[in-house]
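Encoded as structure tokens, the structure appears first; notes follow it.
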Amino acid sequence: MEVPALPAAAALPGESQPTPAKPVQITVLAAHELKTIKSNVSATLVRVEYNGAILGDSSKTDVLPDGTASYDFVTSFECNPNGPNSLADIAQKPVLFTVIEVLQKDKKQKEKTVPLGQAVVDLLPLLQGQCSFKVSAPLYAVLPSPLESLHPEAKGGLEVTVCTEEPLLSAAQLSNGNLLSVTLEAAYSVPEAFTPAGPSQNYMACLQVPAAEEKGFPLVFKNGILKLAGEKEPLPRPKKWSLANIMAPGALNMPNSFVVGGPYEDEDGELNKREVRKDW
């Protein structure tokens, strides 16, 4: 069973101090190569979501013959160290973008919208001293129904900029802070109650990590999928975001981040030392 990995959990000093909320501005500039996903797409809009909330929808935009759609859509949310969208959320939750096709109907019918592709953008640079950055995020096709002529393997691109008026972390927090990255690769020898028979189910795991000021910080790994007995995960395989409400499976993969595996002798755990193994 592969459990999607959270990219990072932060132990950030001063998070409990009363700090004013700081806006994080997100600008969707344009989408490219949309016609490699669906050749006859003519109009789209883009939806931006963060931490389970919809930040807004852009206006409908025509797709040019070269597959480009210019949105210039600006939205934002507030980073509140003591509330929703905390620094810990910034560390481990990316922004989700959904490009939605707008189907033109006749005068008697309303316009119909259909998800076309999705992309994610990591906000971790905001906790590494940057106030702004620009990224071209891969746009993955939403898996089509049998009646739709989409190409799930085709990739477009989404140009996005992220900025804040001032750093989310002070110079002292940057120098004294500690960013912990945790990857949960897989679970083995799970209980018999975990069975692949019957209706499909997703599993999750949770662990508690010590954080600043002796405050525990929970890490939740969601969307675990049970594999059949004897079925092994391929190596290397991409690490995955722990995201809900995502329809394009390819967008769950973290860019340039892989589980490479290795012999357990190389792991720094509690039960793999030579003096322990001889007692097995």
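For the structure tokens, the naming scheme is as follows: chains receive sequential letters (A, B, ...) according to their order of presentation, residues are indexed from 1 within each chain, and ligands are indexed from 1 in presentation order.
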So which residues of stretch 29-272 of chain A fall under alpha helix (DSSP H) by DSSP, listed as a PyMOL selection string?
-> chain A and resi 87-92+171-176
Near stretch 125-137 of chain A, counting only C-alpha atoms, which residues have an atom at most 12 Å away, once you skip same-chain residues fewer than 6 positions from it, shown as a PyMOL selection string?
-> chain A and resi 8-12+22-32+79+86-92+94-98+117-119+155-175+177-179+251+253-255
Nearest-residue call for A:Pro138, choices A:Leu243, A:Ala186, A:Leu123, A:Leu34, using only C-alpha atoms | A:Leu34
Looking only at the backbone, which of the residues in stretch 139-240 of chain A does DSSP tag as strand (DSSP E), as a ChimeraX atom specification?
-> /A:139-141,155-164,178-180,203-210,216-224,237-240
Surrounding residues of A:Thr113 excluding itself and chain neighbours under 4 positions, 7 Å, only C-alpha atoms, as a ChimeraX atom specification | /A:100-103
Residues as selected, N, CA and C atoms, written as a PDB file, in the first residue's frame, can you do that?
ATOM      1  N   ILE A 100     -11.228  24.569 -16.359  1.00  0.00           N
ATOM      2  CA  ILE A 100     -12.565  24.052 -16.640  1.00  0.00           C
ATOM      3  C   ILE A 100     -13.006  24.496 -18.027  1.00  0.00           C
ATOM      4  N   GLU A 101     -13.419  23.530 -18.822  1.00  0.00           N
ATOM      5  CA  GLU A 101     -13.916  23.846 -20.161  1.00  0.00           C
ATOM      6  C   GLU A 101     -15.348  24.369 -20.068  1.00  0.00           C
ATOM      7  N   VAL A 102     -15.638  25.429 -20.802  1.00  0.00           N
ATOM      8  CA  VAL A 102     -16.980  26.002 -20.867  1.00  0.00           C
ATOM      9  C   VAL A 102     -17.582  25.636 -22.215  1.00  0.00           C
ATOM     10  N   LEU A 103     -18.622  24.820 -22.184  1.00  0.00           N
ATOM     11  CA  LEU A 103     -19.265  24.350 -23.403  1.00  0.00           C
ATOM     12  C   LEU A 103     -20.407  25.282 -23.767  1.00  0.00           C
TER      13      LEU A 103
END
Skipping near chain neighbours, those fewer than 4 positions away, what residues fall within 10 Å of A:Arg237 using only C-alpha atoms, listed as a list in words?
-> Glu2, Glu185, Glu233, Asn253, Ser257, Phe258, Val259, Val260 and Gly261 of chain A
Atoms kept (N, CA, C and O atoms) for selection, written as a PDB file, in the first residue's frame:
ATOM      1  N   GLU A   2       0.640   2.090  -0.952  1.00  0.00           N
ATOM      2  CA  GLU A   2       1.384   3.336  -0.993  1.00  0.00           C
ATOM      3  C   GLU A   2       0.571   4.438  -0.346  1.00  0.00           C
ATOM      4  O   GLU A   2      -0.601   4.623  -0.651  1.00  0.00           O
ATOM      5  N   GLU A 185       6.385   5.974   3.129  1.00  0.00           N
ATOM      6  CA  GLU A 185       6.454   5.285   1.850  1.00  0.00           C
ATOM      7  C   GLU A 185       5.361   4.231   1.702  1.00  0.00           C
ATOM      8  O   GLU A 185       4.648   4.195   0.711  1.00  0.00           O
ATOM      9  N   GLU A 233       5.336  -2.331  -4.893  1.00  0.00           N
ATOM     10  CA  GLU A 233       5.347  -1.001  -5.491  1.00  0.00           C
ATOM     11  C   GLU A 233       6.594  -0.848  -6.358  1.00  0.00           C
ATOM     12  O   GLU A 233       7.682  -1.334  -6.000  1.00  0.00           O
ATOM     13  N   ASN A 253       1.445  13.864  -8.208  1.00  0.00           N
ATOM     14  CA  ASN A 253       2.874  13.590  -8.124  1.00  0.00           C
ATOM     15  C   ASN A 253       3.661  14.867  -7.833  1.00  0.00           C
ATOM     16  O   ASN A 253       3.488  15.878  -8.504  1.00  0.00           O
ATOM     17  N   SER A 257      10.571  14.572  -7.162  1.00  0.00           N
ATOM     18  CA  SER A 257      10.640  13.984  -5.825  1.00  0.00           C
ATOM     19  C   SER A 257      10.191  12.533  -5.915  1.00  0.00           C
ATOM     20  O   SER A 257       9.045  12.263  -6.300  1.00  0.00           O
ATOM     21  N   PHE A 258      11.079  11.593  -5.560  1.00  0.00           N
ATOM     22  CA  PHE A 258      10.808  10.182  -5.787  1.00  0.00           C
ATOM     23  C   PHE A 258      11.137   9.344  -4.554  1.00  0.00           C
ATOM     24  O   PHE A 258      12.024   9.684  -3.771  1.00  0.00           O
ATOM     25  N   VAL A 259      10.409   8.233  -4.412  1.00  0.00           N
ATOM     26  CA  VAL A 259      10.756   7.194  -3.457  1.00  0.00           C
ATOM     27  C   VAL A 259      11.676   6.235  -4.186  1.00  0.00           C
ATOM     28  O   VAL A 259      11.284   5.615  -5.186  1.00  0.00           O
ATOM     29  N   VAL A 260      12.914   6.107  -3.717  1.00  0.00           N
ATOM     30  CA  VAL A 260      13.904   5.298  -4.425  1.00  0.00           C
ATOM     31  C   VAL A 260      14.139   3.953  -3.772  1.00  0.00           C
ATOM     32  O   VAL A 260      14.757   3.068  -4.350  1.00  0.00           O
ATOM     33  N   GLY A 261      13.666   3.770  -2.531  1.00  0.00           N
ATOM     34  CA  GLY A 261      13.823   2.502  -1.860  1.00  0.00           C
ATOM     35  C   GLY A 261      15.250   2.263  -1.412  1.00  0.00           C
ATOM     36  O   GLY A 261      16.090   3.156  -1.404  1.00  0.00           O
TER      37      GLY A 261
END
So, counting only C-alpha atoms, which residue among A:Lys35, A:Gly224, A:Pro20, A:Tyr50 is closest to A:Asn82?
->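 Ranked by minimum distance to A:Asn82, first place goes to A:Pro20.
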Rounded to one decimal place, report the atom CA of A:Met204-atom CA of A:Lys227 distance in Å.
-> 14.1 Å
